[in-house]
>>> print(open('query_9.cif').read())   # mmCIF, C-alpha atoms
data_model
loop_
_atom_site.label_atom_id
_atom_site.label_comp_id
_atom_site.auth_asym_id
_atom_site.auth_seq_id
_atom_site.Cartn_x
_atom_site.Cartn_y
_atom_site.Cartn_z
CA MET A 1 213.81 135.73 209.80
CA ALA A 2 216.24 134.30 207.25
CA MET A 3 214.23 135.92 204.46
CA ARG A 4 214.36 139.33 206.16
CA ALA A 5 218.13 138.96 206.53
CA ILE A 6 218.58 138.14 202.84
CA ILE A 7 216.31 140.96 201.66
CA THR A 8 218.06 143.56 203.88
CA ALA A 9 221.49 142.36 202.75
CA THR A 10 220.39 142.38 199.10
CA PHE A 11 219.12 145.95 199.49
CA LEU A 12 222.41 147.13 201.04
CA PHE A 13 224.37 145.18 198.43
CA HIS A 14 222.59 147.02 195.63
CA VAL A 15 223.04 150.40 197.34
CA SER A 16 226.77 149.68 197.53
CA ALA A 17 226.91 148.42 193.94
CA GLY A 18 225.02 151.48 192.69
CA PHE A 19 227.46 153.82 194.39
CA CYS A 20 230.63 151.94 193.44
CA PHE A 21 229.92 150.82 189.92
CA ALA A 22 228.27 154.01 188.68
CA THR A 23 231.53 155.80 189.44
CA LEU A 24 234.01 152.96 188.76
CA THR A 25 235.12 154.18 185.32
CA LEU A 26 235.50 157.77 186.52
CA PHE A 27 237.34 156.58 189.62
CA SER A 28 239.74 154.40 187.62
CA LEU A 29 240.50 156.86 184.86
CA ARG A 30 240.49 160.14 186.76
CA ASP A 31 241.39 159.42 190.37
CA LEU A 32 243.68 156.42 189.85
CA GLN A 33 244.96 157.77 186.52
CA MET A 34 244.69 154.31 185.01
CA ARG A 35 245.41 153.97 181.31
CA LEU A 36 242.44 153.28 179.04
CA MET A 37 244.23 150.24 177.54
CA LEU A 38 244.41 148.69 181.02
CA MET A 39 240.72 149.02 181.87
CA GLY A 40 239.52 146.40 179.34
CA PRO A 41 241.75 143.53 180.51
CA ILE A 42 240.99 144.33 184.17
CA ILE A 43 237.22 144.25 183.57
CA SER A 44 237.55 141.04 181.53
CA VAL A 45 239.14 139.39 184.59
CA GLY A 46 235.78 140.03 186.26
CA GLY A 47 234.03 138.26 183.38
CA VAL A 48 236.08 135.10 183.91
CA SER A 49 235.66 135.39 187.66
CA ALA A 50 231.88 135.71 187.26
CA LEU A 51 231.90 132.37 185.43
CA THR A 52 233.63 130.63 188.31
CA GLY A 53 230.99 131.90 190.79
CA PRO A 54 228.12 129.68 189.55
CA LEU A 55 230.49 126.71 189.36
CA ALA A 56 231.60 127.23 192.96
CA ALA A 57 228.19 128.15 194.45
CA GLN A 58 226.66 124.68 194.63
CA ARG A 59 229.85 123.03 195.89
CA LEU A 60 230.28 125.70 198.55
CA ALA A 61 226.66 125.29 199.66
CA ARG A 62 227.10 121.52 199.94
CA ARG A 63 230.29 121.89 201.94
CA VAL A 64 229.42 124.64 204.43
CA GLY A 65 225.62 124.79 204.21
CA GLN A 66 223.29 127.02 202.21
CA GLY A 67 223.08 129.86 204.75
CA ALA A 68 226.81 130.05 205.42
CA ALA A 69 227.51 129.93 201.68
CA VAL A 70 225.17 132.91 201.12
CA MET A 71 227.14 134.83 203.72
CA ALA A 72 230.48 133.71 202.27
CA GLY A 73 229.39 135.02 198.86
CA PHE A 74 228.37 138.34 200.38
CA VAL A 75 231.62 138.68 202.34
CA MET A 76 233.61 137.89 199.19
CA ALA A 77 231.73 140.52 197.16
CA SER A 78 232.12 142.99 200.03
CA ARG A 79 235.87 142.30 200.18
CA GLY A 80 235.98 142.99 196.45
CA THR A 81 234.37 146.39 196.97
CA MET A 82 236.82 147.11 199.77
CA MET A 83 239.64 146.68 197.24
CA LEU A 84 238.48 149.95 195.68
CA LEU A 85 239.21 151.59 199.01
CA SER A 86 242.70 150.08 199.04
CA ALA A 87 243.24 151.25 195.46
CA ALA A 88 242.29 154.80 196.49
CA MET A 89 244.74 154.69 199.41
CA LEU A 90 247.65 153.11 197.52
CA PRO A 91 247.34 154.34 193.92
CA GLU A 92 250.74 152.86 192.95
CA TRP A 93 249.24 149.38 193.59
CA SER A 94 245.91 150.24 192.00
CA VAL A 95 246.17 147.67 189.17
CA VAL A 96 246.63 144.82 191.66
CA PHE A 97 243.72 146.02 193.78
CA MET A 98 241.46 146.52 190.77
CA VAL A 99 242.20 142.97 189.55
CA LEU A 100 241.46 141.65 193.06
CA GLN A 101 238.25 143.70 193.10
CA GLN A 102 237.14 142.04 189.87
CA LEU A 103 238.15 138.56 191.03
CA LEU A 104 236.51 138.70 194.45
CA GLY A 105 233.66 141.05 193.62
CA ASP A 106 232.27 139.28 190.56
CA ALA A 107 232.65 135.72 191.87
CA GLY A 108 231.19 136.72 195.26
CA THR A 109 228.28 138.53 193.62
CA MET A 110 227.41 135.45 191.57
CA VAL A 111 227.62 133.11 194.59
CA PHE A 112 225.49 135.45 196.72
CA THR A 113 222.90 136.09 193.99
CA ILE A 114 222.47 132.45 192.97
CA LEU A 115 222.25 131.05 196.49
CA SER A 116 220.06 133.81 197.89
CA VAL A 117 217.56 133.44 195.03
CA SER A 118 217.64 129.67 195.61
CA LEU A 119 216.71 130.37 199.23
CA HIS A 120 213.81 132.62 198.21
CA GLN A 121 212.07 129.72 196.54
CA PRO A 122 211.56 127.42 199.53
CA LEU A 123 211.06 130.28 202.01
CA LEU A 124 208.46 132.40 200.25
CA PRO A 125 204.94 131.62 199.07
CA GLU A 126 204.72 131.47 195.26
CA ASP A 127 202.68 134.65 194.98
CA GLN A 128 205.42 136.65 196.74
CA LEU A 129 208.43 135.37 194.78
CA ALA A 130 208.15 137.98 192.04
CA ARG A 131 207.92 140.80 194.59
CA ALA A 132 211.06 139.59 196.37
CA ASN A 133 212.92 139.33 193.06
CA GLY A 134 211.69 142.79 192.12
CA LEU A 135 213.87 144.22 194.87
CA ARG A 136 216.98 143.41 192.82
CA MET B 1 218.90 150.83 190.74
CA THR B 2 218.32 153.85 188.51
CA VAL B 3 217.64 155.98 191.59
CA LEU B 4 220.85 154.71 193.20
CA ILE B 5 222.90 155.54 190.12
CA LEU B 6 221.43 159.06 190.07
CA LEU B 7 222.21 159.36 193.80
CA ALA B 8 225.76 158.17 193.15
CA VAL B 9 226.20 160.83 190.44
CA TYR B 10 224.89 163.48 192.83
CA ALA B 11 227.25 162.23 195.57
CA ALA B 12 230.18 162.19 193.14
CA LYS B 13 229.47 165.81 192.22
CA THR B 14 229.16 166.97 195.81
CA VAL B 15 231.72 164.92 197.78
CA GLY B 16 233.97 163.68 194.97
CA VAL B 17 234.35 160.39 193.13
CA SER B 18 236.78 158.77 195.60
CA ASN B 19 234.52 159.58 198.57
CA THR B 20 231.51 158.14 196.73
CA VAL B 21 233.42 154.88 196.21
CA ILE B 22 234.37 154.91 199.91
CA ILE B 23 230.68 155.38 200.88
CA GLY B 24 229.73 152.45 198.63
CA ALA B 25 232.44 150.25 200.15
CA GLY B 26 231.25 151.20 203.66
CA VAL B 27 227.67 150.27 202.85
CA SER B 28 228.80 146.86 201.57
CA ARG B 29 230.53 146.26 204.92
CA ILE B 30 227.33 147.10 206.82
CA GLY B 31 225.42 144.66 204.61
CA VAL B 32 227.12 141.67 206.24
CA ALA B 33 225.45 142.44 209.59
CA PRO B 34 221.86 141.41 208.69
CA LEU B 35 223.16 138.04 207.47
CA LEU B 36 224.55 137.15 210.88
CA THR B 37 221.34 135.47 212.01
CA ARG B 38 221.17 131.98 213.42
CA SER B 39 218.19 131.05 211.25
CA LEU B 40 220.21 131.73 208.12
CA LEU B 41 223.55 130.34 209.23
CA GLU B 42 222.02 127.09 210.47
CA ARG B 43 220.27 126.46 207.16
CA ARG B 44 222.09 123.53 205.62
CA THR B 45 220.20 122.92 202.38
CA GLU B 46 217.29 124.31 200.37
CA ARG B 47 215.25 121.33 201.61
CA ASP B 48 215.40 122.72 205.17
CA GLY B 49 213.18 125.55 204.03
CA ARG B 50 210.80 123.27 202.15
CA ALA B 51 210.50 120.98 205.17
CA ALA B 52 209.87 123.95 207.47
CA ARG B 53 207.14 125.21 205.14
CA ALA B 54 205.53 121.78 204.96
CA ILE B 55 205.43 121.61 208.79
CA ASN B 56 203.91 125.08 209.04
#
>>> encode(input="query_9.cif", output="structure tokens")
Amino acid sequence: MAMRAIITATFLFHVSAGFCFATLTLFSLRDLQMRLMLMGPIISVGGVSALTGPLAAQRLARRVGQGAAVMAGFVMASRGTMMLLSAAMLPEWSVVFMVLQQLLGDAGTMVFTILSVSLHQPLLPEDQLARANGLR
Amino acid sequence: MTVLILLAVYAAKTVGVSNTVIIGAGVSRIGVAPLLTRSLLERRTERDGRAARAIN
């Protein structure tokens, strides 16, 4: 049951990521009219944030439990994606929302990915691990 | 992933870039629902799974 939950959430996560990140540059430059010089620093915030995710994942799992930490990571990443929606609605605040998207989205993605893959290993038989990872 | 990116490009052409982002954000919200299962939320450590497998 837990495995089915993780696989379904992973599938929906990747559908969302495919839709959002394939169009992120177009959305930022054309719809939000963001300057090209601003895009680099904003995306680099995500790089730093992605480094904090692995550092936080294990601590979070120890504190709240593995399953709850997987969900917390997903909610965080989902909140990050929702920041794109806020940026579309309030374009004058778009820089703030895009930075928040990078901060929450990248850290949450790392926490969710690391902990959900860690859960695959004890839950699935060895000969099915590769198939489950192939969904990503 | 490649298929999804192609789908996103198609959606961006038909409904617009902003709407495609909104669709993506909506899907990420739906994704939380499958995780709201007791068997997942009650799992404290990775060892829980190993122990369960050993019992089975």
>>> resolve_selection(input="query_9.cif", expression="the PyMOL selection byres ((chain B) within 8 of (chain A))", output="PyMOL selection string")
chain B and resi 1+4-5+7-9+12+17-18+20-37+39-47+49-50+53
>>> write_last_selection(input="query_9.cif", atoms="C-alpha atoms", output="PDB file, keeping the file's coordinate frame")
ATOM      1  CA  MET B   1     218.900 150.830 190.740  1.00  0.00           C
ATOM      2  CA  LEU B   4     220.850 154.710 193.200  1.00  0.00           C
ATOM      3  CA  ILE B   5     222.900 155.540 190.120  1.00  0.00           C
ATOM      4  CA  LEU B   7     222.210 159.360 193.800  1.00  0.00           C
ATOM      5  CA  ALA B   8     225.760 158.170 193.150  1.00  0.00           C
ATOM      6  CA  VAL B   9     226.200 160.830 190.440  1.00  0.00           C
ATOM      7  CA  ALA B  12     230.180 162.190 193.140  1.00  0.00           C
ATOM      8  CA  VAL B  17     234.350 160.390 193.130  1.00  0.00           C
ATOM      9  CA  SER B  18     236.780 158.770 195.600  1.00  0.00           C
ATOM     10  CA  THR B  20     231.510 158.140 196.730  1.00  0.00           C
ATOM     11  CA  VAL B  21     233.420 154.880 196.210  1.00  0.00           C
ATOM     12  CA  ILE B  22     234.370 154.910 199.910  1.00  0.00           C
ATOM     13  CA  ILE B  23     230.680 155.380 200.880  1.00  0.00           C
ATOM     14  CA  GLY B  24     229.730 152.450 198.630  1.00  0.00           C
ATOM     15  CA  ALA B  25     232.440 150.250 200.150  1.00  0.00           C
ATOM     16  CA  GLY B  26     231.250 151.200 203.660  1.00  0.00           C
ATOM     17  CA  VAL B  27     227.670 150.270 202.850  1.00  0.00           C
ATOM     18  CA  SER B  28     228.800 146.860 201.570  1.00  0.00           C
ATOM     19  CA  ARG B  29     230.530 146.260 204.920  1.00  0.00           C
ATOM     20  CA  ILE B  30     227.330 147.100 206.820  1.00  0.00           C
ATOM     21  CA  GLY B  31     225.420 144.660 204.610  1.00  0.00           C
ATOM     22  CA  VAL B  32     227.120 141.670 206.240  1.00  0.00           C
ATOM     23  CA  ALA B  33     225.450 142.440 209.590  1.00  0.00           C
ATOM     24  CA  PRO B  34     221.860 141.410 208.690  1.00  0.00           C
ATOM     25  CA  LEU B  35     223.160 138.040 207.470  1.00  0.00           C
ATOM     26  CA  LEU B  36     224.550 137.150 210.880  1.00  0.00           C
ATOM     27  CA  THR B  37     221.340 135.470 212.010  1.00  0.00           C
ATOM     28  CA  SER B  39     218.190 131.050 211.250  1.00  0.00           C
ATOM     29  CA  LEU B  40     220.210 131.730 208.120  1.00  0.00           C
ATOM     30  CA  LEU B  41     223.550 130.340 209.230  1.00  0.00           C
ATOM     31  CA  GLU B  42     222.020 127.090 210.470  1.00  0.00           C
ATOM     32  CA  ARG B  43     220.270 126.460 207.160  1.00  0.00           C
ATOM     33  CA  ARG B  44     222.090 123.530 205.620  1.00  0.00           C
ATOM     34  CA  THR B  45     220.200 122.920 202.380  1.00  0.00           C
ATOM     35  CA  GLU B  46     217.290 124.310 200.370  1.00  0.00           C
ATOM     36  CA  ARG B  47     215.250 121.330 201.610  1.00  0.00           C
ATOM     37  CA  GLY B  49     213.180 125.550 204.030  1.00  0.00           C
ATOM     38  CA  ARG B  50     210.800 123.270 202.150  1.00  0.00           C
ATOM     39  CA  ARG B  53     207.140 125.210 205.140  1.00  0.00           C
TER      40      ARG B  53
END
>>> closest_residue(input="query_9.cif", among="A:Leu103, A:Gly40, A:Gly73, A:Thr113", to="Thr25 (chain A)", atoms="all atoms listed in the file")
A:Gly40
>>> resolve_selection(input="query_9.cif", expression="the PyMOL selection byres ((chain A and resi 57) around 8)", output="number ranges by chain")
A: 53-56, 58-61, 69, 110-111, 114-115
>>> residues_around(input="query_9.cif", residues="Val95 (chain A)", least_positions_apart="5", cutoff="9 Å", atoms="all atoms listed in the file", output="list in words")
Met34, Leu38, Ile42, Ala87 and Leu100 of chain A
>>> atom_distance(input="query_9.cif", atom1="CA of Val3 (chain B)", atom2="CA of Gly108 (chain A)")
23.8 Å
>>> atom_distance(input="query_9.cif", atom1="CA of Gln128 (chain A)", atom2="CA of Phe112 (chain A)")
20.1 Å
>>> residues_around(input="query_9.cif", residues="Ile43 (chain A)", least_positions_apart="6", cutoff="10 Å", atoms="all atoms listed in the file", output="number ranges by chain")
A: 49, 98-99, 101-103, 106
>>> atom_distance(input="query_9.cif", atom1="CA of Arg35 (chain A)", atom2="CA of Pro91 (chain A)")
12.8 Å
>>> closest_residue(input="query_9.cif", among="A:Val117, A:Val45, A:Gln33, A:Ala50", to="Glu92 (chain A)", atoms="all atoms listed in the file")
A:Gln33
